[in-house]
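Structure data follow from start10.cif (mmCIF, C-alpha atoms):
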data_query
#
loop_
_atom_site.label_atom_id
_atom_site.label_comp_id
_atom_site.auth_asym_id
_atom_site.auth_seq_id
_atom_site.Cartn_x
_atom_site.Cartn_y
_atom_site.Cartn_z
CA MET A 672 136.58 111.89 84.99
CA TRP A 673 133.37 113.22 86.55
CA ASN A 674 131.46 110.28 85.10
CA PHE A 675 133.89 107.88 86.80
CA ILE A 676 133.56 109.68 90.14
CA PHE A 677 129.77 109.75 89.84
CA ASN A 678 129.64 106.01 89.01
CA ALA A 679 132.00 105.21 91.90
CA ILE A 680 129.76 107.10 94.32
CA ILE A 681 126.65 105.31 92.99
CA TRP A 682 128.30 101.89 93.44
CA VAL A 683 129.41 102.75 96.97
CA LEU A 684 125.87 103.80 97.84
CA ALA A 685 124.45 100.64 96.24
CA LEU A 686 126.89 98.39 98.14
CA TYR A 687 126.13 100.25 101.35
CA GLY A 688 122.42 99.67 100.69
CA LEU A 689 123.10 95.93 100.29
CA ILE A 690 124.93 95.85 103.61
CA GLU A 691 122.03 97.68 105.26
CA ILE A 692 119.56 95.16 103.84
CA ILE A 693 121.63 92.28 105.20
CA LYS A 694 121.80 93.99 108.60
CA THR A 695 118.02 94.37 108.49
CA ILE A 696 117.67 90.64 107.81
CA ILE A 697 119.87 89.78 110.77
CA TYR A 698 118.01 92.20 113.04
CA THR A 699 114.71 90.72 111.85
CA TYR A 700 116.02 87.24 112.61
CA THR A 701 117.15 88.40 116.05
CA TYR A 702 113.97 90.23 117.05
CA THR A 703 111.38 87.81 115.64
CA ASN A 704 110.62 84.12 116.06
CA LEU A 705 111.91 82.82 112.76
CA ASN A 706 112.98 79.31 111.84
CA PRO A 707 116.09 78.40 113.89
CA ASN A 708 117.38 76.21 111.05
CA GLY A 709 118.48 79.25 109.09
CA ILE A 710 117.03 81.92 106.93
CA TYR A 711 115.82 81.37 103.39
CA VAL A 712 116.08 84.58 101.41
CA ILE A 713 114.07 85.22 98.24
CA ILE A 714 115.23 88.07 96.05
CA ALA A 715 112.42 89.01 93.68
CA VAL A 716 113.58 91.17 90.78
CA LYS A 717 112.15 92.71 87.66
CA ASN A 718 114.11 94.56 84.97
CA GLN A 719 117.28 94.85 87.06
CA ALA A 720 119.84 93.61 84.51
CA ASP A 721 122.25 96.47 85.21
CA LYS A 722 122.33 95.81 88.98
CA ILE A 723 121.39 92.23 89.82
CA GLU A 724 124.68 90.47 89.06
CA GLY A 725 126.74 92.68 91.37
CA PHE A 726 124.09 92.53 94.07
CA LEU A 727 123.82 88.73 94.01
CA ARG A 728 127.58 88.18 93.81
CA ALA A 729 128.14 90.45 96.82
CA LEU A 730 125.43 88.68 98.83
CA LEU A 731 126.64 85.21 97.86
CA PHE A 732 130.22 86.14 98.72
CA ARG A 733 129.09 87.03 102.25
CA VAL A 734 127.05 83.81 102.55
CA ILE A 735 129.78 81.52 101.17
CA TYR A 736 132.56 82.96 103.29
CA GLY A 737 130.59 82.91 106.52
CA LYS A 738 129.83 86.57 107.02
CA GLU A 739 126.09 85.78 107.07
CA GLU A 740 125.97 82.41 108.84
CA ASN A 741 122.20 82.62 109.46
CA ILE A 742 121.39 82.64 105.74
CA LYS A 743 121.09 79.10 104.39
CA ASN A 744 119.47 79.50 100.97
CA VAL A 745 119.18 82.35 98.52
CA ILE A 746 116.41 82.11 95.93
CA ALA A 747 116.30 84.56 93.03
CA VAL A 748 112.91 85.04 91.39
CA ASP A 749 112.46 86.88 88.12
CA LEU A 750 109.08 88.57 87.83
CA ASN A 751 108.80 88.52 84.02
CA SER A 752 111.60 90.95 83.26
CA LYS A 753 111.76 92.37 79.78
CA ASP A 754 115.54 92.84 79.87
CA GLU A 755 118.43 90.39 80.49
CA THR A 756 117.69 89.88 84.22
CA LYS A 757 116.45 86.29 83.87
CA LYS A 758 119.44 85.30 81.75
CA ILE A 759 121.85 86.81 84.30
CA ILE A 760 120.32 85.13 87.35
CA THR A 761 120.12 81.80 85.48
CA LYS A 762 123.85 82.04 84.72
CA LEU A 763 124.60 82.84 88.37
CA GLY A 764 122.45 79.87 89.47
CA GLU A 765 124.67 77.61 87.38
CA GLU A 766 127.81 79.09 88.98
CA TYR A 767 126.67 79.01 92.63
CA SER A 768 125.10 75.90 94.17
CA ASN A 769 123.55 77.87 97.06
CA LEU A 770 121.62 80.14 94.68
CA LYS A 771 118.33 78.67 93.55
CA ILE A 772 116.51 80.16 90.56
CA SER A 773 112.72 80.12 90.50
CA ASN A 774 109.74 81.80 88.91
CA TRP A 775 106.86 83.36 90.80
CA ARG A 776 104.49 80.39 90.44
CA GLU A 777 107.06 77.95 91.85
CA CYS A 778 108.02 80.46 94.50
CA LYS A 779 104.46 80.72 95.85
CA GLU A 780 104.48 76.96 96.43
CA ILE A 781 107.52 77.12 98.70
CA PHE A 782 106.45 80.17 100.73
CA ASP A 783 105.42 77.99 103.65
CA ASN A 784 109.16 77.41 104.28
CA ILE A 785 110.29 80.98 103.60
CA ASP A 786 111.15 83.37 106.40
CA ILE A 787 112.11 86.61 104.64
CA VAL A 788 111.54 88.03 101.16
CA MET A 789 113.66 90.98 100.04
CA ALA A 790 111.72 92.71 97.31
CA SER A 791 113.20 95.25 94.97
CA ALA A 792 110.89 94.87 92.03
CA GLY A 793 109.05 98.17 92.11
CA GLY A 794 106.13 99.51 94.10
CA SER A 795 103.26 98.03 92.13
CA THR A 796 104.87 94.57 92.12
CA SER A 797 105.50 94.73 95.87
CA GLN A 798 101.92 95.78 96.55
CA LYS A 799 100.68 92.90 94.44
CA PHE A 800 102.77 90.15 96.08
CA ALA A 801 103.28 91.32 99.69
CA PRO A 802 99.85 90.11 100.93
CA GLU A 803 100.58 86.58 99.66
CA ILE A 804 103.96 86.55 101.38
CA VAL A 805 102.51 87.74 104.69
CA LYS A 806 99.51 85.39 104.45
CA ARG A 807 101.89 82.43 104.25
CA GLY A 808 103.86 83.58 107.30
CA GLY A 809 106.78 85.27 105.58
CA VAL A 810 108.26 88.67 106.28
CA ILE A 811 108.85 90.97 103.32
CA ILE A 812 111.59 93.60 103.43
CA ASP A 813 110.57 95.94 100.67
CA ASN A 814 113.09 98.20 98.98
CA SER A 815 110.53 100.01 96.84
CA SER A 816 108.54 103.08 97.83
CA ALA A 817 105.30 101.05 98.09
CA PHE A 818 105.10 100.86 101.89
CA ARG A 819 107.41 103.62 103.10
CA MET A 820 104.59 105.97 104.06
CA GLU A 821 102.19 103.32 105.42
CA LYS A 822 101.25 103.94 109.05
CA ASP A 823 101.39 100.27 110.12
CA VAL A 824 104.61 99.43 108.27
CA PRO A 825 107.90 100.21 110.05
CA LEU A 826 110.49 102.05 107.97
CA VAL A 827 113.67 100.52 109.40
CA ILE A 828 117.19 101.84 109.04
CA ALA A 829 119.66 99.34 110.47
CA GLY A 830 121.60 100.83 113.33
CA VAL A 831 119.18 103.75 113.72
CA ASN A 832 115.75 102.40 114.70
CA ASP A 833 116.22 98.64 115.02
CA GLU A 834 113.60 98.44 117.76
CA ASP A 835 110.91 99.25 115.16
CA LEU A 836 111.37 95.73 113.78
CA ARG A 837 109.32 94.47 116.71
CA LYS A 838 106.34 96.44 115.36
CA HIS A 839 106.14 94.77 111.97
CA LYS A 840 103.09 92.82 110.85
CA GLY A 841 104.84 91.02 108.03
CA ILE A 842 106.06 94.00 105.99
CA ILE A 843 109.16 96.07 106.66
CA ALA A 844 109.94 99.10 104.52
CA ASN A 845 113.53 99.86 103.64
CA PRO A 846 114.62 103.38 102.69
CA ASN A 847 116.78 104.06 99.68
CA CYS A 848 120.55 103.87 100.16
CA SER A 849 121.22 107.61 100.36
CA THR A 850 118.63 107.99 103.14
CA SER A 851 120.24 105.15 105.10
CA GLN A 852 123.63 106.82 104.96
CA LEU A 853 122.32 110.23 105.95
CA MET A 854 120.36 108.86 108.90
CA LEU A 855 123.42 107.16 110.36
CA VAL A 856 125.27 110.46 110.32
CA LEU A 857 122.39 112.44 111.79
#

Turn this file's structure into structure tokens for me.
Amino acid sequence: MWNFIFNAIIWVLALYGLIEIIKTIIYTYTYTNLNPNGIYVIIAVKNQADKIEGFLRALLFRVIYGKEENIKNVIAVDLNSKDETKKIITKLGEEYSNLKISNWRECKEIFDNIDIVMASAGGSTSQKFAPEIVKRGGVIIDNSSAFRMEKDVPLVIAGVNDEDLRKHKGIIANPNCSTSQLMLVL
């Protein structure tokens, strides 16, 4: 019973984190001069087999049914996962026409048309790829701990400090889901 309750709480926190990330995207779109033809979202993942299917299905549900009308394309990029992540996102790409599947090399070639990258692939991966994203004019919303303590990188919690989005220089740090919930209450 306790295991069920614990898992339910974890899933609620994870879903809440997804909603906060989507809010951050919309606030970024609102407070910056991004492409008016819609937002392209790249989700870069590595070794996330236990989480990625639920995350992508929830995001795609919101895109398909008009809850996120500014998002036009969702691109999932596997960064050489050693688990089943690539297999899962490939299967989802076959199920959903508005989900494109790519690898990092192909992804770098299309960055000139990308507005926002949501990265949740770990700190070292984010630190490796963030400069390339910013150099090509994209904005990276990073869910890892890589940039959370950086002086020049805003740590944005949607609904708490949205105005900090105006201070970004291409990288926006995103706190973990439990921090987001606590900050809204405080």

Using only C-alpha atoms, which of A:Met854, A:Ile812, A:Arg819, A:Arg728 sits nearest A:Leu836?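 Of A:Met854, A:Ile812, A:Arg819, A:Arg728, the one nearest A:Leu836, counting only C-alpha atoms, is A:Ile812.
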
Selection result of the PyMOL selection byres ((chain A and resi 772) around 8) on this file, as a short mmCIF file (atom, residue, chain, number, x, y, z; two decimals) with C-alpha atoms, in the frame of the given file:
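Heads up, here's the output in expr_0.cif:
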data_model
loop_
_atom_site.label_atom_id
_atom_site.label_comp_id
_atom_site.auth_asym_id
_atom_site.auth_seq_id
_atom_site.Cartn_x
_atom_site.Cartn_y
_atom_site.Cartn_z
CA ILE A 746 116.41 82.11 95.93
CA ALA A 747 116.30 84.56 93.03
CA VAL A 748 112.91 85.04 91.39
CA ILE A 760 120.32 85.13 87.35
CA THR A 761 120.12 81.80 85.48
CA GLY A 764 122.45 79.87 89.47
CA LEU A 770 121.62 80.14 94.68
CA LYS A 771 118.33 78.67 93.55
CA SER A 773 112.72 80.12 90.50
CA ASN A 774 109.74 81.80 88.91
#

For a quick check of your reading of the model, name the residues lying within 6 Å of the coordinate (111.6, 89.4, 95.4), counting only C-alpha atoms, and write them as a ChimeraX atom specification. /A:713-716,788-790

Return as a ChimeraX atom specification the set of residues that the PyMOL selection byres ((chain A and resi 840) around 9) yields on the displayed structure. /A:805,810,823-825,837-839,841-843

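Atom to atom, atom CA of A:Arg776 and atom CA of A:Gly808 stand 17.2 Å apart.
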
Smallest atom-to-atom distance to A:Asp813: which of A:Glu765, A:Glu724, A:Ala801, A:Asp754, using all atoms listed in the file? A:Ala801

Do you know which residues are at most 10 Å from A:Glu755 counting all atoms listed in the file, after dropping those on the same chain fewer than 6 positions away, and could you put them as a list of chain:residue names?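 Non-adjacent residues within range: A:Lys717, A:Asn718, A:Gln719, A:Ala720, A:Asp721, A:Ile723.
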
What separation in Å, quoted to one decimal, exists between atom CA of A:Asp835 and atom CA of A:Lys822?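 We find that atom CA of A:Asp835 and atom CA of A:Lys822 lie 12.4 Å from each other.
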
How far is it from atom CA of A:Trp775 to atom CA of A:Phe800, in Å with one decimal?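 That distance, rounded to one decimal, is 9.5 Å.
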
Selected residue of minimal separation from A:Val745 among A:Val712, A:Phe726, A:Lys758, A:Ile697, counting all atoms listed in the file: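 Result for the nearest residue to A:Val745: A:Val712.
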
As JSON: centre and edge lengths in Å, one decimal, of the axis-aligned box holding stretch 720-730 of chain A with 6 Å per side:
{"center_x": 124.0, "center_y": 92.3, "center_z": 91.7, "size_x": 20.3, "size_y": 20.3, "size_z": 26.3}

Counting all atoms listed in the file, figure out which residue out of A:Asn832, A:Ser791, A:Asn674, A:Ser797 gets nearest to A:Asn814.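 Under the stated criterion, the closest residue is A:Ser791.
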